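**Q** For reference, the structure I am asking about is given below.
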Amino acid sequence: MRFKRQRGTQDVLPEQAVRWQWVERRMRSTLQSYGYGEIRTPLFEETQLFVRSVGSATDIVQKEMYTFEDRKGRSLTLRPEGTAAVVRAYLENHLGREAGARRLYYYGPMYRYDRPQAGRYREFFQVGAEAIGSPEPAQDVEIIDLMMTMLRDLGLDELQVEVNSVGHPECRRAYESVLTAALEREQSELCATCQGRIPSNPLRVFDCKNERCMAVAARLPVLRGHLCADCERHHASVLRGLGQLRIPHRENPYIVRGLDYYTRTAFEVHYPQLGAQSALGGGGRYDGLVEACGGPATPGVGFSAGIERVLYALEQTQTERPARDTTAAVWVLPLGDATRVDALQLARELRTHAHTTVDLSGRSLKAQLRGVDRSGARVAVILGDDELASGEVMVRDLRVGEQQRVPRRDAVDAVTALLSTPEGGA
Ligand code: HAM
């Protein structure tokens with residue numbers, strides 16, 4: 001009986017993990033440079049948190065959550081996204097006590113029972129940032145600027161921000177009645193799913209990929225034309241700010257996003273070369289979310305980006321980044337039973353200078369050398385029974401294939417001397 005990983009999940013192997021680490025490190029550094037501090041929340045939460053925040057009529061809540069009962073019969077859900085949990089933690093830990101906006105970021109796995117396809121997983125990683133406490137349009141601009149800077153710092157260009165305003169609940173209610181009436185007139189043209197959405201979530205029709213639904217959507221009135229004066233002003237300021245910071249963007253009245261908590265600004269960042277799943281990430285303002293989670297009325301805005309998609313986008317570019325794990329610069333190769341613990345001791349000493357790995361396979365010297373040659377390491381130290389008896393070890397420069405016998409007590413110096421020689425010769 002062999003076990004297999006679950007559909008829509010991935011094993012990240014060491015060679016790929018180096019790239020994940022590089023991306024994570026760079027992103028953290030950009031987020032911190034904007035004054036965002038990391039928050040880590042649990043992978044599971046009370047189910048109702050997501051039902052209330054993401055919205056009971058959304059695909060995420062209706063079809064995609066990993067929900068289970070624990071041993072006490074409590075309904076829990078693996079987090080399908082990060083914002084709701086951050087807002088819960090913001091309230092629970094009284095992070096709103098300080099004046100001004102609280103700037104938080106997170107990095108970690110999310111879970112959605114999606115249909116797996118390119119760029120779509122059931123376990124995927126997100127990086128995200130949330131600024132909770134400021135109603136200002138400039139805060140929306142900062143969030144978009146942060147997301148774009150973070151992606152550009154990784155070497156991704158040609159990114160396209162698509163922005164819309166989804167208004168606030170009153171604008172939206174007024175618009176939804178106009179939209180519902182228009183959809184009812186076109187009902188026979190719509191797919192069964194969209195027909196079912198008319199009473200519960202008419203805006204989702206704009207997300208349907210069915211060709212006939214898309215044709216109908218192109219004729220429907222858009223929310224943008226039904227904004228109240230305040231929402232309109234907010235939107236205009238956000239657009240002006242993006243222009244002033246020279247962030248390439250375009251208005252897209254069809255961006256509605258798959259989560260219900262958005263108010264006013266909603267945006268996505270696309271990398272067009274990715275094709276069908278070209279959204280690297282998205283976000284927006286959620287001025288009613290803190291209140292919906294039981295807190296005082298508090299505005300907020302944020303984004304998240306999918307790491308797998310970012311990595312895939314990076315593969316399409318020529319950006320320089322680590323291709324493989326070159327961490328093991330030194331290998332210690334013990335020959336014979338008596339030398340293995342001595343090898344562990346020597347490795348300890350070497351590690352103050354370089355990443356060091358001991359070959360404990362028990363293979364012949366020839367086989368061990370073949371292995372280290374493939375690893376890309378710089379130096380090997382060979383511990384043989386005979387040499388050790390005479391208090392010596394063999395230090396081998398793997399680049400040129402030459403070796404020298406040195407006293408055991410000078411081994412660390414001999415290795416560091418080789419490591420400090422520029423590559424390509426002494
Ligand atoms: P979202 O648009 O649902 O927003 O997800 C953001 C990004 O996560 C997507 O653009 C995509 O890159 C990635 N993503 C989503 N689902 C999958 C999947 N099944 N497989 C791989 N990647 C995926 C949110 O989650 C909001 N919390 C964003 C936000 C933050 N809004 C305000 N603050």
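Numbering starts fresh at 1 for the residues of each chain in the structure tokens, the chains themselves are lettered A, B, ... in the order given, and ligands are numbered from 1 as they appear.
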Please run DSSP on the backbone and report, as a VMD selection string, all residues within region 48-296 of chain A that come out as alpha helix (DSSP H).
**A** chain A and resid 48 to 54 59 83 to 92 137 to 153 169 to 185 192 to 200 211 to 219 229 to 244 289 to 292
**Q** Give me the residues near region 28-43 of chain A as a PyMOL selection string, where near means some atom within 6 Å (using only C-alpha atoms) and where sequence neighbours in that chain fewer than 5 positions away do not count.
**A** chain A and resi 78-79+103-106+150
**Q** Output N, CA and C atoms of each residue in that selection to a file, as an mmCIF file, in the first residue's frame.
**A**
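So the final result, stored in selection39.cif, reads:
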data_model
loop_
_atom_site.group_PDB
_atom_site.id
_atom_site.type_symbol
_atom_site.label_atom_id
_atom_site.label_comp_id
_atom_site.auth_asym_id
_atom_site.auth_seq_id
_atom_site.Cartn_x
_atom_site.Cartn_y
_atom_site.Cartn_z
ATOM 1 N N LEU A 78 -10.831 24.932 7.774
ATOM 2 C CA LEU A 78 -9.471 25.321 7.399
ATOM 3 C C LEU A 78 -9.580 26.651 6.660
ATOM 4 N N ARG A 79 -8.745 27.610 6.994
ATOM 5 C CA ARG A 79 -8.945 28.962 6.460
ATOM 6 C C ARG A 79 -8.884 28.969 4.927
ATOM 7 N N ARG A 103 -0.978 48.105 10.500
ATOM 8 C CA ARG A 103 -0.502 47.502 9.246
ATOM 9 C C ARG A 103 0.034 46.107 9.529
ATOM 10 N N LEU A 104 -0.617 45.102 8.955
ATOM 11 C CA LEU A 104 -0.289 43.709 9.250
ATOM 12 C C LEU A 104 -0.057 42.940 7.956
ATOM 13 N N TYR A 105 0.853 41.952 8.010
ATOM 14 C CA TYR A 105 0.977 41.076 6.847
ATOM 15 C C TYR A 105 1.046 39.624 7.279
ATOM 16 N N TYR A 106 0.759 38.720 6.351
ATOM 17 C CA TYR A 106 0.787 37.288 6.671
ATOM 18 C C TYR A 106 1.290 36.507 5.475
ATOM 19 N N MET A 150 6.164 44.949 -4.258
ATOM 20 C CA MET A 150 6.582 43.615 -3.812
ATOM 21 C C MET A 150 6.802 42.696 -5.027
#
**Q** List all protein, DNA and RNA residues that have any atom at most 6 Å from ligand 1, counting only C-alpha atoms and all ligand atoms, and write the list as a list in words.
**A**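 After applying the 6 Å limit, what remains is Glu81, Gly82, Thr83, Arg112, Asp114, Gly119, Arg120, Tyr121, Arg122, Phe124, Gln126, Gly128, Glu130, Ala279, Leu280, Gly281, Gly282, Gly283, Gly284, Val301, Gly302, Phe303, Ser304, Ala305, Gly306 and Arg309 of chain A.
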**Q** Between A:Gly225, A:Pro116, A:Pro199, A:Pro272, which residue has the minimum interatomic distance to Leu156 (chain A), considering only C-alpha atoms?
**A**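 Of the candidates, the smallest distance to Leu156 (chain A) is held by A:Pro272.
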**Q** Please determine, counting only C-alpha atoms, which residue among A:Leu227, A:Asp260, A:Lys72, A:Leu13 has the shortest atom-to-atom distance to Ala292 (chain A).
**A** A:Asp260
**Q** Could you give me, as JSON, numbers by chain, the residues within 9 Å of Gln404 (chain A), counting only C-alpha atoms and dropping anything in the same chain fewer than 4 positions from it?
**A** {"A": [393, 394, 395, 396, 397]}
**Q** Keeping only N, CA and C atoms, write those residues as a compact mmCIF listing (two decimals), in the first residue's frame.
**A**
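Contents of part32.txt, as written:
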# COMPACT_ATOMS: atom_id res chain seq x y z
N VAL A 393 44.22 14.32 7.73
CA VAL A 393 43.03 14.16 6.88
C VAL A 393 43.41 14.61 5.47
N MET A 394 42.52 14.29 4.52
CA MET A 394 42.77 14.67 3.13
C MET A 394 41.79 15.81 2.78
N VAL A 395 42.31 16.94 2.30
CA VAL A 395 41.42 18.04 1.93
C VAL A 395 41.41 18.16 0.40
N ARG A 396 40.24 18.03 -0.19
CA ARG A 396 40.16 17.96 -1.64
C ARG A 396 39.42 19.17 -2.22
N ASP A 397 40.07 19.85 -3.15
CA ASP A 397 39.42 20.96 -3.85
C ASP A 397 38.60 20.36 -4.98
**Q** Can you work out which one of A:Asp342, A:Asp59, A:Glu186, A:Asp145 has the shortest atom-to-atom distance to Gly243 (chain A), counting only C-alpha atoms?
**A**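 Of A:Asp342, A:Asp59, A:Glu186, A:Asp145, the one nearest Gly243 (chain A), counting only C-alpha atoms, is A:Asp145.
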**Q** Identify which of the residues A:Glu315, A:Glu162, A:Asp70, A:Glu64 lies closest to Gly258 (chain A), counting only C-alpha atoms when measuring atom-to-atom distances.
**A**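 That would be A:Glu64, the residue with the smallest distance to Gly258 (chain A).
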**Q** Using only C-alpha atoms, find each residue of region 363-417 of chain A with at least one atom at most 9 Å away from an atom of region 349-357 of chain A; report its shortest atom-to-atom pair and that distance in Å (one decimal), sort the rows by chain and rising residue number, and return the result as a Markdown table.
**A**
| residue | atom | partner | partner_atom | distance |
| --- | --- | --- | --- | --- |
| A:Ala411 | CA | A:Leu350 | CA | 8.8 |
| A:Val412 | CA | A:Leu350 | CA | 6.0 |
| A:Val415 | CA | A:Leu350 | CA | 8.1 |
| A:Thr416 | CA | A:His353 | CA | 7.0 |
**Q** Which neighbours of Leu344 (chain A) fall inside 12 Å, counting only C-alpha atoms, when residues of the same chain fewer than 2 positions from it are skipped, and could you give them as a VMD selection string?
**A** chain A and resid 331 to 334 338 to 342 346 to 351 356 to 360 381 383
**Q** For the atom pair CA of Ser134 (chain A) and CA of Glu170 (chain A), what is the interatomic distance in Å to one decimal place?
**A**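 Interatomic distance here is 20.4 Å.
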**Q** Please determine, counting only C-alpha atoms, which residue among A:Ser177, A:Thr263, A:Thr77, A:Asn201 has the shortest atom-to-atom distance to Pro221 (chain A).
**A** A:Ser177
**Q** Give me, as an MDAnalysis selection string, the residues of region 187-371 of chain A that a backbone DSSP run labels strand (DSSP E).
**A** chainID A and resid 249:251 263:270 279:285 300:306 330:335 356:358
**Q** Could you check the closest approach to Tyr66 (chain A) for each of A:Tyr90, A:Phe50, A:Tyr113, A:Tyr107 and tell me which residue wins, using only C-alpha atoms?
**A**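 Distance minimum relative to Tyr66 (chain A) lands on A:Tyr113.
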**Q** Do a neighbour search on Ile132 (chain A) at 6 Å with only C-alpha atoms, toss out local chain neighbours closer than 2 positions, and write the hits as a list in words.
**A** Ala101, Arg102 and Gly300 of chain A
**Q** Pull N, CA and C atoms from the residues just selected and write them as a CSV table (one decimal), in the first residue's frame.
**A**
chain,number,residue,atom,x,y,z
A,101,ALA,N,-3.7,53.6,11.6
A,101,ALA,CA,-4.0,52.3,11.0
A,101,ALA,C,-3.0,51.3,11.5
A,102,ARG,N,-3.5,50.1,11.7
A,102,ARG,CA,-2.7,48.9,12.0
A,102,ARG,C,-2.3,48.2,10.7
A,300,GLY,N,-11.1,49.2,6.5
A,300,GLY,CA,-9.9,48.4,6.3
A,300,GLY,C,-9.7,48.2,4.8
**Q** Mind pulling up the distance from CA of Pro253 (chain A) to CA of Asp287 (chain A)?
**A**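 Straight-line distance from CA of Asp287 (chain A) to CA of Pro253 (chain A) works out to 19.9 Å.
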**Q** Give me the residues near Leu274 (chain A) as a PyMOL selection string, where near means some atom within 12 Å (using only C-alpha atoms) and where sequence neighbours in that chain fewer than 5 positions away do not count.
**A** chain A and resi 118-119+158-159+269+279-280+308-317
